[in-house]
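Text of final_0.cif (mmCIF, C-alpha atoms) as supplied:
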data_final
#
loop_
_atom_site.label_atom_id
_atom_site.label_comp_id
_atom_site.auth_asym_id
_atom_site.auth_seq_id
_atom_site.Cartn_x
_atom_site.Cartn_y
_atom_site.Cartn_z
CA MET A 279 0.00 0.00 0.00
CA THR A 280 1.36 3.39 -0.97
CA GLU A 281 0.65 6.76 0.60
CA THR A 282 -1.64 7.67 -2.30
CA ASP A 283 -3.86 4.61 -1.90
CA VAL A 284 -7.28 5.41 -0.54
CA VAL A 285 -8.05 3.08 2.32
CA GLU A 286 -11.77 2.94 2.91
CA ILE A 287 -13.46 1.06 5.72
CA LEU A 288 -17.16 0.51 6.12
CA LEU A 289 -17.98 0.44 9.83
CA VAL A 290 -21.46 -0.94 10.47
CA GLU A 291 -22.26 -0.11 14.08
CA ASP A 292 -25.42 1.20 15.74
CA ASN A 293 -23.89 1.85 19.19
CA PRO A 294 -22.53 5.43 19.16
CA SER A 295 -19.89 4.80 21.84
CA ASP A 296 -18.53 1.66 20.12
CA ALA A 297 -18.49 3.52 16.79
CA GLU A 298 -16.60 6.43 18.36
CA LEU A 299 -14.06 4.09 19.98
CA THR A 300 -13.46 2.31 16.69
CA LEU A 301 -13.12 5.55 14.73
CA HIS A 302 -10.73 6.92 17.35
CA ALA A 303 -8.57 3.77 17.21
CA PHE A 304 -8.28 3.96 13.41
CA LYS A 305 -7.48 7.67 13.51
CA LYS A 306 -4.87 7.19 16.24
CA CYS A 307 -3.13 4.44 14.25
CA LYS A 308 -3.50 6.28 10.92
CA LEU A 309 -4.77 3.09 9.28
CA ALA A 310 -7.56 4.47 7.14
CA ASN A 311 -8.13 7.76 5.43
CA GLN A 312 -11.84 7.16 4.83
CA VAL A 313 -14.20 5.47 7.26
CA HIS A 314 -17.87 5.40 6.39
CA LEU A 315 -20.18 4.76 9.33
CA ALA A 316 -23.44 2.93 8.64
CA ARG A 317 -25.75 2.93 11.67
CA ASP A 318 -27.96 0.06 10.52
CA GLY A 319 -27.92 -2.87 8.13
CA GLU A 320 -30.07 -1.17 5.51
CA GLU A 321 -27.68 1.79 5.27
CA ALA A 322 -24.73 -0.62 4.95
CA LEU A 323 -26.37 -2.50 2.08
CA ASN A 324 -27.35 0.74 0.34
CA PHE A 325 -23.73 1.91 0.61
CA LEU A 326 -22.26 -1.35 -0.69
CA PHE A 327 -24.75 -1.80 -3.52
CA CYS A 328 -24.66 1.88 -4.57
CA ARG A 329 -28.35 2.56 -4.15
CA GLY A 330 -30.53 5.23 -2.57
CA PRO A 331 -28.43 8.03 -1.05
CA PHE A 332 -25.28 6.23 -2.27
CA SER A 333 -26.29 5.86 -5.92
CA ASP A 334 -23.33 8.06 -6.89
CA ARG A 335 -20.86 5.44 -5.55
CA LYS A 336 -19.26 3.01 -7.97
CA PHE A 337 -18.89 -0.74 -7.64
CA ASP A 338 -15.31 -0.49 -8.89
CA GLN A 339 -14.35 1.22 -5.60
CA PRO A 340 -15.34 -1.24 -2.87
CA PRO A 341 -14.24 -0.62 0.70
CA ASN A 342 -11.02 -2.37 1.72
CA LEU A 343 -12.65 -3.77 4.83
CA ILE A 344 -16.06 -4.07 6.47
CA LEU A 345 -16.39 -4.13 10.25
CA LEU A 346 -19.83 -5.49 11.00
CA ASP A 347 -21.81 -5.60 14.21
CA LEU A 348 -24.49 -8.31 14.33
CA LYS A 349 -27.21 -6.73 16.45
CA LEU A 350 -28.37 -3.98 14.08
CA PRO A 351 -31.68 -2.20 13.44
CA LYS A 352 -33.62 -2.55 10.16
CA VAL A 353 -31.50 -5.39 8.71
CA ASP A 354 -29.52 -7.54 11.16
CA GLY A 355 -25.81 -8.15 10.72
CA LEU A 356 -26.15 -11.80 9.73
CA LYS A 357 -28.48 -10.85 6.86
CA VAL A 358 -26.05 -8.12 5.80
CA LEU A 359 -23.19 -10.66 5.85
CA GLU A 360 -25.21 -13.24 3.91
CA THR A 361 -26.11 -10.62 1.28
CA ILE A 362 -22.50 -9.44 0.91
CA LYS A 363 -21.04 -12.92 0.61
CA SER A 364 -23.73 -14.22 -1.79
CA ASP A 365 -23.19 -11.46 -4.38
CA PRO A 366 -20.17 -11.82 -6.70
CA ARG A 367 -19.72 -8.02 -6.76
CA THR A 368 -19.09 -7.85 -2.99
CA LYS A 369 -18.07 -11.39 -2.04
CA ALA A 370 -14.32 -10.65 -2.05
CA ILE A 371 -14.52 -7.75 0.42
CA PRO A 372 -13.09 -8.89 3.77
CA VAL A 373 -15.81 -8.81 6.44
CA ILE A 374 -14.90 -8.83 10.11
CA VAL A 375 -17.71 -9.37 12.58
CA LEU A 376 -16.99 -7.21 15.60
CA THR A 377 -19.76 -7.92 18.09
CA SER A 378 -20.61 -8.27 21.74
CA SER A 379 -22.61 -11.43 20.97
CA LYS A 380 -21.47 -14.53 22.80
CA GLU A 381 -24.13 -16.71 21.17
CA GLU A 382 -22.62 -19.80 19.58
CA MET A 383 -25.25 -19.75 16.79
CA ASP A 384 -24.10 -16.26 15.75
CA LEU A 385 -20.54 -17.56 15.46
CA ILE A 386 -21.63 -20.66 13.51
CA ARG A 387 -23.91 -18.74 11.14
CA SER A 388 -21.27 -16.04 10.57
CA TYR A 389 -18.73 -18.61 9.38
CA ARG A 390 -21.34 -20.46 7.33
CA PHE A 391 -22.15 -17.18 5.55
CA GLY A 392 -18.45 -16.60 4.81
CA VAL A 393 -17.17 -14.14 7.43
CA ASN A 394 -13.41 -13.64 7.26
CA SER A 395 -13.01 -13.17 11.01
CA TYR A 396 -15.25 -13.10 14.11
CA ILE A 397 -14.17 -11.01 17.08
CA GLN A 398 -16.00 -10.49 20.35
CA LYS A 399 -15.69 -6.88 21.48
CA PRO A 400 -13.62 -6.53 24.63
CA VAL A 401 -15.41 -4.63 27.40
CA ASP A 402 -12.25 -2.78 28.49
CA PHE A 403 -11.61 0.49 26.59
CA SER A 404 -7.87 -0.01 26.02
CA ALA A 405 -8.32 -3.69 25.09
CA PHE A 406 -11.00 -2.67 22.58
CA GLN A 407 -8.68 -0.09 21.01
CA GLU A 408 -5.86 -2.62 20.83
CA VAL A 409 -8.11 -5.17 19.08
CA VAL A 410 -9.19 -2.57 16.51
CA LYS A 411 -5.57 -1.56 15.96
CA GLN A 412 -4.43 -5.16 15.48
CA LEU A 413 -7.23 -6.10 13.09
CA GLY A 414 -6.64 -2.92 11.11
CA MET A 415 -2.91 -3.59 10.90
CA TYR A 416 -3.49 -7.11 9.64
CA TRP A 417 -6.38 -6.54 7.22
CA LEU A 418 -5.14 -3.22 5.82
CA LEU A 419 -1.36 -3.62 5.84
CA VAL A 420 -0.39 -7.30 6.02
CA ASN A 421 -3.22 -8.95 4.08
CA CYS A 422 -3.16 -8.62 0.28
CA LYS A 423 -6.12 -6.62 -1.01
CA PRO A 424 -8.23 -8.51 -3.55
CA PRO A 425 -7.69 -7.25 -7.13
CA LEU A 426 -10.61 -5.52 -8.84
CA THR A 427 -11.11 -8.59 -11.04
CA ALA A 428 -12.23 -10.43 -7.90
CA PHE A 429 -15.33 -8.21 -7.90
CA THR A 430 -16.70 -9.18 -11.30
CA THR A 431 -19.71 -11.33 -11.97
CA ALA A 432 -17.88 -13.49 -14.53
#
So, in terms of structure tokens, how does the structure I just supplied come out?
Amino acid sequence: MTETDVVEILLVEDNPSDAELTLHAFKKCKLANQVHLARDGEEALNFLFCRGPFSDRKFDQPPNLILLDLKLPKVDGLKVLETIKSDPRTKAIPVIVLTSSKEEMDLIRSYRFGVNSYIQKPVDFSAFQEVVKQLGMYWLLVNCKPPLTAFTTA
């Protein structure tokens, strides 16, 4: 990744304090220069599929990473994940579930739907920031970004 690369993250989080902590951690570590916050599952899907208020977005500029909470209003996180991973245009985008859920079925269903990683949110502020920093470092710096050809329907 070069300095001119735009690093965009889609953060799907309805809890304002968790969203603020996550945004602060990314800003502090200088890992992303664009973070879009979706406060519910419907907004996240509209953003990803370039519809409604996001109809000016282009599919050829997918976010580098999606951080997805599961317990969301309008469309729950598991349905968002299933939709992302079942569409060839979005399937290659890394999706990290970052949730407070300790339900085993959420973990099972997330992996069945194709999540790339499942992380339970730490309760402690500094531990939460460290988790966000580590996942950002890995997924944005260490991991190889999928090429644009991975986002085609062919």
Return the single residue from A:Asn324, A:Asn342, A:Asn394, A:Thr377 that is closest to Lys423 (chain A), with distances computed using all atoms listed in the file.
A:Asn342
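Computed from the coordinates, the CA of Gly330 (chain A) to CA of His302 (chain A) distance equals 28.1 Å.
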Selected residue, from A:Val420, A:Ile386, A:Leu376, A:Leu323, that lies nearest to Leu345 (chain A) when counting only C-alpha atoms
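Going through A:Val420, A:Ile386, A:Leu376, A:Leu323 one by one, the smallest distance to Leu345 (chain A) is for A:Leu376.
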Selection result of the PyMOL selection byres ((chain A and resi 353) around 9) on this file, as an mmCIF file with C-alpha atoms, in the frame of the given file:
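Output (expr03.cif):
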data_model
loop_
_atom_site.group_PDB
_atom_site.id
_atom_site.type_symbol
_atom_site.label_atom_id
_atom_site.label_comp_id
_atom_site.auth_asym_id
_atom_site.auth_seq_id
_atom_site.Cartn_x
_atom_site.Cartn_y
_atom_site.Cartn_z
ATOM 1 C CA ASP A 318 -27.960 0.060 10.520
ATOM 2 C CA GLY A 319 -27.920 -2.870 8.130
ATOM 3 C CA GLU A 320 -30.070 -1.170 5.510
ATOM 4 C CA GLU A 321 -27.680 1.790 5.270
ATOM 5 C CA LEU A 323 -26.370 -2.500 2.080
ATOM 6 C CA LYS A 349 -27.210 -6.730 16.450
ATOM 7 C CA LEU A 350 -28.370 -3.980 14.080
ATOM 8 C CA PRO A 351 -31.680 -2.200 13.440
ATOM 9 C CA LYS A 352 -33.620 -2.550 10.160
ATOM 10 C CA ASP A 354 -29.520 -7.540 11.160
ATOM 11 C CA GLY A 355 -25.810 -8.150 10.720
ATOM 12 C CA LEU A 356 -26.150 -11.800 9.730
ATOM 13 C CA LYS A 357 -28.480 -10.850 6.860
ATOM 14 C CA VAL A 358 -26.050 -8.120 5.800
#
Name all residues at most 10 Å from Thr430 (chain A) (count all atoms listed in the file; drop same-chain ones fewer than 5 positions away) and give them as a PyMOL selection string.
chain A and resi 337-338+365-370
Mind giving me the straight-line distance from CA of Cys422 (chain A) to CA of Val393 (chain A) in Å, one decimal?
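Distance between the two atoms: 16.7 Å.
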Hey, could you pull the box centre and edge lengths for region 288-299 of chain A, axis-aligned, 6 Å padding per side, all listed atoms, to one decimal in Å, as AutoDock Vina command-line options?
--center_x -19.7 --center_y 2.7 --center_z 14.0 --size_x 23.4 --size_y 19.4 --size_z 27.7
When the PyMOL selection byres ((chain A and resi 411) around 10) is applied to the file above, which residues end up in the set, as a PyMOL selection string?
chain A and resi 300+303-309+405-410+412-416
Can I get the selected residues back with C-alpha atoms, as a tab-separated table (two decimals), in the coordinates of the input?
chain	number	residue	atom	x	y	z
A	300	THR	CA	-13.46	2.31	16.69
A	303	ALA	CA	-8.57	3.77	17.21
A	304	PHE	CA	-8.28	3.96	13.41
A	305	LYS	CA	-7.48	7.67	13.51
A	306	LYS	CA	-4.87	7.19	16.24
A	307	CYS	CA	-3.13	4.44	14.25
A	308	LYS	CA	-3.50	6.28	10.92
A	309	LEU	CA	-4.77	3.09	9.28
A	405	ALA	CA	-8.32	-3.69	25.09
A	406	PHE	CA	-11.00	-2.67	22.58
A	407	GLN	CA	-8.68	-0.09	21.01
A	408	GLU	CA	-5.86	-2.62	20.83
A	409	VAL	CA	-8.11	-5.17	19.08
A	410	VAL	CA	-9.19	-2.57	16.51
A	412	GLN	CA	-4.43	-5.16	15.48
A	413	LEU	CA	-7.23	-6.10	13.09
A	414	GLY	CA	-6.64	-2.92	11.11
A	415	MET	CA	-2.91	-3.59	10.90
A	416	TYR	CA	-3.49	-7.11	9.64
CA of Pro400 (chain A) to CA of Pro341 (chain A), straight-line distance in Å:
24.7 Å
Evaluate the PyMOL selection byres ((chain A and resi 387) around 12) against this structure - the residues, as a PyMOL selection string, please.
chain A and resi 348+355-357+359-360+375+381-386+388-393+396
Based on the selection just made, write C-alpha atoms of those residues as a PDB file, in the coordinates of the input.
ATOM      1  CA  LEU A 348     -24.490  -8.310  14.330  1.00  0.00           C
ATOM      2  CA  GLY A 355     -25.810  -8.150  10.720  1.00  0.00           C
ATOM      3  CA  LEU A 356     -26.150 -11.800   9.730  1.00  0.00           C
ATOM      4  CA  LYS A 357     -28.480 -10.850   6.860  1.00  0.00           C
ATOM      5  CA  LEU A 359     -23.190 -10.660   5.850  1.00  0.00           C
ATOM      6  CA  GLU A 360     -25.210 -13.240   3.910  1.00  0.00           C
ATOM      7  CA  VAL A 375     -17.710  -9.370  12.580  1.00  0.00           C
ATOM      8  CA  GLU A 381     -24.130 -16.710  21.170  1.00  0.00           C
ATOM      9  CA  GLU A 382     -22.620 -19.800  19.580  1.00  0.00           C
ATOM     10  CA  MET A 383     -25.250 -19.750  16.790  1.00  0.00           C
ATOM     11  CA  ASP A 384     -24.100 -16.260  15.750  1.00  0.00           C
ATOM     12  CA  LEU A 385     -20.540 -17.560  15.460  1.00  0.00           C
ATOM     13  CA  ILE A 386     -21.630 -20.660  13.510  1.00  0.00           C
ATOM     14  CA  SER A 388     -21.270 -16.040  10.570  1.00  0.00           C
ATOM     15  CA  TYR A 389     -18.730 -18.610   9.380  1.00  0.00           C
ATOM     16  CA  ARG A 390     -21.340 -20.460   7.330  1.00  0.00           C
ATOM     17  CA  PHE A 391     -22.150 -17.180   5.550  1.00  0.00           C
ATOM     18  CA  GLY A 392     -18.450 -16.600   4.810  1.00  0.00           C
ATOM     19  CA  VAL A 393     -17.170 -14.140   7.430  1.00  0.00           C
ATOM     20  CA  TYR A 396     -15.250 -13.100  14.110  1.00  0.00           C
TER      21      TYR A 396
END
Which is closer to Trp417 (chain A) than all the others in A:Ile362, A:Val373, A:Ile397, A:Leu346, using only C-alpha atoms?
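That would be A:Val373, the residue with the smallest distance to Trp417 (chain A).
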Using all atoms listed in the file, which of the listed residues (A:Gln339, A:Pro294, A:Lys363, A:Asn311) sits closest to Pro425 (chain A)?
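Under the stated criterion, the closest residue is A:Gln339.
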My list of candidates is A:Ser364, A:Leu315, A:Leu299, A:Pro424. Which is closest to Lys399 (chain A) when distances are computed with only C-alpha atoms?
A:Leu299
Determine, counting all atoms listed in the file, every residue of protein, DNA or RNA that lies within 8 Å of (-17.4, 7.1, 7.1) in the file coordinates, then give the result as a compact mmCIF listing (two decimals) with C-alpha atoms, keeping the file's coordinate frame.
# COMPACT_ATOMS: atom_id res chain seq x y z
CA ILE A 287 -13.46 1.06 5.72
CA LEU A 288 -17.16 0.51 6.12
CA LEU A 289 -17.98 0.44 9.83
CA GLN A 312 -11.84 7.16 4.83
CA VAL A 313 -14.20 5.47 7.26
CA HIS A 314 -17.87 5.40 6.39
CA LEU A 315 -20.18 4.76 9.33
CA ALA A 316 -23.44 2.93 8.64
Using the structure just given, write a file holding C-alpha atoms for region 290-361 of chain A, as a PDB file, in the first residue's frame.
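To be explicit, this is the file written out as selection_20.pdb:
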ATOM      1  CA  VAL A 290     -21.460  -0.941  10.470  1.00  0.00           C
ATOM      2  CA  GLU A 291     -22.259  -0.113  14.081  1.00  0.00           C
ATOM      3  CA  ASP A 292     -25.418   1.203  15.745  1.00  0.00           C
ATOM      4  CA  ASN A 293     -23.893   1.846  19.188  1.00  0.00           C
ATOM      5  CA  PRO A 294     -22.535   5.433  19.162  1.00  0.00           C
ATOM      6  CA  SER A 295     -19.889   4.803  21.845  1.00  0.00           C
ATOM      7  CA  ASP A 296     -18.533   1.664  20.116  1.00  0.00           C
ATOM      8  CA  ALA A 297     -18.494   3.521  16.794  1.00  0.00           C
ATOM      9  CA  GLU A 298     -16.601   6.431  18.355  1.00  0.00           C
ATOM     10  CA  LEU A 299     -14.057   4.092  19.983  1.00  0.00           C
ATOM     11  CA  THR A 300     -13.460   2.306  16.694  1.00  0.00           C
ATOM     12  CA  LEU A 301     -13.115   5.551  14.728  1.00  0.00           C
ATOM     13  CA  HIS A 302     -10.726   6.919  17.353  1.00  0.00           C
ATOM     14  CA  ALA A 303      -8.567   3.772  17.210  1.00  0.00           C
ATOM     15  CA  PHE A 304      -8.281   3.961  13.408  1.00  0.00           C
ATOM     16  CA  LYS A 305      -7.483   7.674  13.509  1.00  0.00           C
ATOM     17  CA  LYS A 306      -4.871   7.186  16.240  1.00  0.00           C
ATOM     18  CA  CYS A 307      -3.132   4.436  14.246  1.00  0.00           C
ATOM     19  CA  LYS A 308      -3.495   6.283  10.919  1.00  0.00           C
ATOM     20  CA  LEU A 309      -4.771   3.093   9.284  1.00  0.00           C
ATOM     21  CA  ALA A 310      -7.565   4.471   7.137  1.00  0.00           C
ATOM     22  CA  ASN A 311      -8.128   7.764   5.430  1.00  0.00           C
ATOM     23  CA  GLN A 312     -11.842   7.163   4.829  1.00  0.00           C
ATOM     24  CA  VAL A 313     -14.199   5.475   7.255  1.00  0.00           C
ATOM     25  CA  HIS A 314     -17.870   5.401   6.388  1.00  0.00           C
ATOM     26  CA  LEU A 315     -20.179   4.762   9.330  1.00  0.00           C
ATOM     27  CA  ALA A 316     -23.444   2.929   8.639  1.00  0.00           C
ATOM     28  CA  ARG A 317     -25.745   2.927  11.665  1.00  0.00           C
ATOM     29  CA  ASP A 318     -27.958   0.061  10.524  1.00  0.00           C
ATOM     30  CA  GLY A 319     -27.921  -2.874   8.128  1.00  0.00           C
ATOM     31  CA  GLU A 320     -30.072  -1.174   5.512  1.00  0.00           C
ATOM     32  CA  GLU A 321     -27.681   1.788   5.270  1.00  0.00           C
ATOM     33  CA  ALA A 322     -24.732  -0.619   4.952  1.00  0.00           C
ATOM     34  CA  LEU A 323     -26.371  -2.500   2.077  1.00  0.00           C
ATOM     35  CA  ASN A 324     -27.351   0.741   0.338  1.00  0.00           C
ATOM     36  CA  PHE A 325     -23.726   1.910   0.615  1.00  0.00           C
ATOM     37  CA  LEU A 326     -22.265  -1.352  -0.689  1.00  0.00           C
ATOM     38  CA  PHE A 327     -24.754  -1.802  -3.520  1.00  0.00           C
ATOM     39  CA  CYS A 328     -24.663   1.878  -4.567  1.00  0.00           C
ATOM     40  CA  ARG A 329     -28.349   2.561  -4.149  1.00  0.00           C
ATOM     41  CA  GLY A 330     -30.529   5.228  -2.573  1.00  0.00           C
ATOM     42  CA  PRO A 331     -28.435   8.033  -1.053  1.00  0.00           C
ATOM     43  CA  PHE A 332     -25.280   6.231  -2.267  1.00  0.00           C
ATOM     44  CA  SER A 333     -26.293   5.859  -5.922  1.00  0.00           C
ATOM     45  CA  ASP A 334     -23.328   8.065  -6.887  1.00  0.00           C
ATOM     46  CA  ARG A 335     -20.863   5.438  -5.551  1.00  0.00           C
ATOM     47  CA  LYS A 336     -19.256   3.009  -7.975  1.00  0.00           C
ATOM     48  CA  PHE A 337     -18.890  -0.742  -7.643  1.00  0.00           C
ATOM     49  CA  ASP A 338     -15.315  -0.491  -8.888  1.00  0.00           C
ATOM     50  CA  GLN A 339     -14.350   1.225  -5.603  1.00  0.00           C
ATOM     51  CA  PRO A 340     -15.343  -1.240  -2.874  1.00  0.00           C
ATOM     52  CA  PRO A 341     -14.239  -0.623   0.697  1.00  0.00           C
ATOM     53  CA  ASN A 342     -11.018  -2.365   1.723  1.00  0.00           C
ATOM     54  CA  LEU A 343     -12.651  -3.771   4.828  1.00  0.00           C
ATOM     55  CA  ILE A 344     -16.062  -4.075   6.470  1.00  0.00           C
ATOM     56  CA  LEU A 345     -16.388  -4.130  10.253  1.00  0.00           C
ATOM     57  CA  LEU A 346     -19.831  -5.487  10.995  1.00  0.00           C
ATOM     58  CA  ASP A 347     -21.813  -5.598  14.213  1.00  0.00           C
ATOM     59  CA  LEU A 348     -24.489  -8.310  14.329  1.00  0.00           C
ATOM     60  CA  LYS A 349     -27.210  -6.728  16.445  1.00  0.00           C
ATOM     61  CA  LEU A 350     -28.373  -3.975  14.076  1.00  0.00           C
ATOM     62  CA  PRO A 351     -31.682  -2.205  13.442  1.00  0.00           C
ATOM     63  CA  LYS A 352     -33.625  -2.551  10.160  1.00  0.00           C
ATOM     64  CA  VAL A 353     -31.496  -5.395   8.714  1.00  0.00           C
ATOM     65  CA  ASP A 354     -29.524  -7.539  11.159  1.00  0.00           C
ATOM     66  CA  GLY A 355     -25.812  -8.146  10.717  1.00  0.00           C
ATOM     67  CA  LEU A 356     -26.152 -11.802   9.735  1.00  0.00           C
ATOM     68  CA  LYS A 357     -28.482 -10.853   6.863  1.00  0.00           C
ATOM     69  CA  VAL A 358     -26.046  -8.124   5.796  1.00  0.00           C
ATOM     70  CA  LEU A 359     -23.193 -10.665   5.853  1.00  0.00           C
ATOM     71  CA  GLU A 360     -25.213 -13.239   3.913  1.00  0.00           C
ATOM     72  CA  THR A 361     -26.110 -10.621   1.285  1.00  0.00           C
TER      73      THR A 361
END
